[in-house]
Amino acid sequence: MKTININLLSFAILSVVLTGCPSKSEIEFPINAIDNESTTFLDGAQFTSGIEGPAVDKNNNLYVVNFGSEGTIGKIDQDGMVSTFLTLPNGSVGNGIRFYNSNMFIADYKGHNIFKASKEGVIEVYAHNPTMNQPNDLAVSHYGQLFCSDPNWNEKTGKIWTVSPENQILVELKSGLGTTNGIELSPNDKYLYVNESNTLQVKRFEIDWNTNPITLSEPTTIHEFTDGGVDGMRCDEAGNIYIARITSQEVAILSPNGLLIKTVKLIGSNPTNVAFGGLDGKTVYVTVKDTKNIEKFRSYAPGRSFSIQ
């Protein structure tokens with residue numbers, strides 16, 4: 001396979017981060033620098049089939065929802081030891097997790113909440129809106145602005161919400177979309193990426209940060225899969241998008257403009273989400289529904305969120 005030298009790779013990464021636009025060298029993505037297959041991270045099925053999340057804190061601890069039973073969040077330390085970090089209140093069940101300034105934010109799809117938890121596990125309702133369908137996955141900007149996908153699985157529709165750190169009020173940004181699921185920001189916070197489970201499309205919105213509240217452009221479909229499924233996703237620092245392809249036994253990697261540049265084969269068949277971690281931010285953890293376990297592989301670039309944990 002064709003690879004590129006370090007100088008060309010550095011130029012490619014810089015051009016994507018600064019402009020959000022692909023360069024010629026995007027086509028020459030260093031695929032040999034990413035594992036072709038995953039390995040098992042933990043032994044046994046210690047989570048439920050609702051295994052999701054995941055997210056890594058500044059101390060390289062991995063957090064995943066539904067450890068042992070629904071409504072919990074498990075913590076996996078650097079030695080691979082798993083424990084219950086916290087239990088959500090009032091029958092709530094978590095889905096997506098993100099970190100910002102050492103605080104954990106959790107999408108509660110049962111209670112229409114976004115929770116905030118301190119590193120000590122003290123939890124509070126950060127934002128609540130009873131009109132939401134089901135808070136699903138979260139993304140967070142470098143300034144602490146949260147974005148939330150909100151699917152209606154029965155109607156095959158979805159919305160996008162946002163929460164400002166100044167007022168902690170959920171504001172509806174977009175409606176009338178497909179079944180919104182995975183959600184992520186570009187490294188420069190210019191674009192919001194959202195995938196739709198019913199259409200298998202990955203859509204990109206440009207964010208206008210100068211309006212109050214912020215607004216999104218009309219979407220551009222940058223990729224459409226022809227089979228399988230899509231679920232949670234993350235960007236690396238070069239702007240490439242890593243998508244858990246639930247039912248497809250793989251993580252797909254897209255360029256910032258939607259070019260499919262690599263797939264990583266998994267052990268389990270139903271990946272639900274991905275997160276970057278490890279000491280250098282280049283280990284990709286994958287939560288897998290059918291095995292109720294976590295897998296991992298190595299990438300060539302750290303995750304975007306590695307710098308804003």
# chains A, B, ... in the order shown; residues from 1 in each chain; ligands from 1
>>> residues_around(residues="segment 284-301 of chain A", least_positions_apart="6", cutoff="6 Å", atoms="only C-alpha atoms", output="PyMOL selection string")
chain A and resi 33-35+38-41+45+47-49+51-52+268+270-276
>>> write_last_selection(atoms="C-alpha atoms", output="short mmCIF file (atom, residue, chain, number, x, y, z; two decimals), in the first residue's frame")
data_model
loop_
_atom_site.label_atom_id
_atom_site.label_comp_id
_atom_site.auth_asym_id
_atom_site.auth_seq_id
_atom_site.Cartn_x
_atom_site.Cartn_y
_atom_site.Cartn_z
CA ALA A 33 -0.19 3.35 10.48
CA ILE A 34 -3.59 2.13 11.71
CA ASP A 35 -4.28 -1.42 12.86
CA SER A 38 -8.96 -4.85 16.82
CA THR A 39 -8.01 -6.83 19.90
CA THR A 40 -10.03 -7.52 23.05
CA PHE A 41 -9.47 -4.97 25.82
CA ALA A 45 -18.90 -9.80 29.30
CA PHE A 47 -21.36 -4.92 30.72
CA THR A 48 -24.95 -5.24 29.53
CA SER A 49 -26.02 -5.20 25.87
CA ILE A 51 -22.80 -0.94 26.52
CA GLU A 52 -22.12 2.59 25.25
CA GLY A 268 -17.68 -8.54 17.75
CA ASN A 270 -22.22 -4.81 16.76
CA PRO A 271 -20.00 -1.84 17.70
CA THR A 272 -21.92 0.99 19.34
CA ASN A 273 -19.34 3.74 19.87
CA VAL A 274 -15.66 4.70 19.89
CA ALA A 275 -13.35 6.85 22.01
CA PHE A 276 -9.69 7.83 21.88
#
>>> residues_around(residues="segment 109-111 of chain A", least_positions_apart="2", cutoff="7 Å", atoms="only C-alpha atoms", output="list in words")
Ser92, Val93, Gly94, Asn95, Ala107, Asn113, Gln134, Pro135 and Asn136 of chain A
>>> residues_around(residues="Tyr143 of chain A", least_positions_apart="6", cutoff="9 Å", atoms="only C-alpha atoms", output="PDB file with C-alpha atoms, in the first residue's frame")
ATOM      1  CA  TYR A 100     -14.800  18.833  29.463  1.00  0.00           C
ATOM      2  CA  PRO A 165     -22.190  26.658  29.422  1.00  0.00           C
ATOM      3  CA  ILE A 308     -10.223  19.071  25.908  1.00  0.00           C
TER       4      ILE A 308
END
>>> select_by_dssp(residues="segment 207-303 of chain A", states="strand (DSSP E)", output="MDAnalysis selection string")
chainID A and resid 207:208 215:216 220:224 233:235 241:245 250:254 260:265 271:277 283:288 293:298
>>> atom_distance(atom1="atom CA of Ile97 of chain A", atom2="atom CA of Val65 of chain A")
8.2 Å
>>> atom_distance(atom1="atom CA of Gln46 of chain A", atom2="atom CA of Met233 of chain A")
22.6 Å
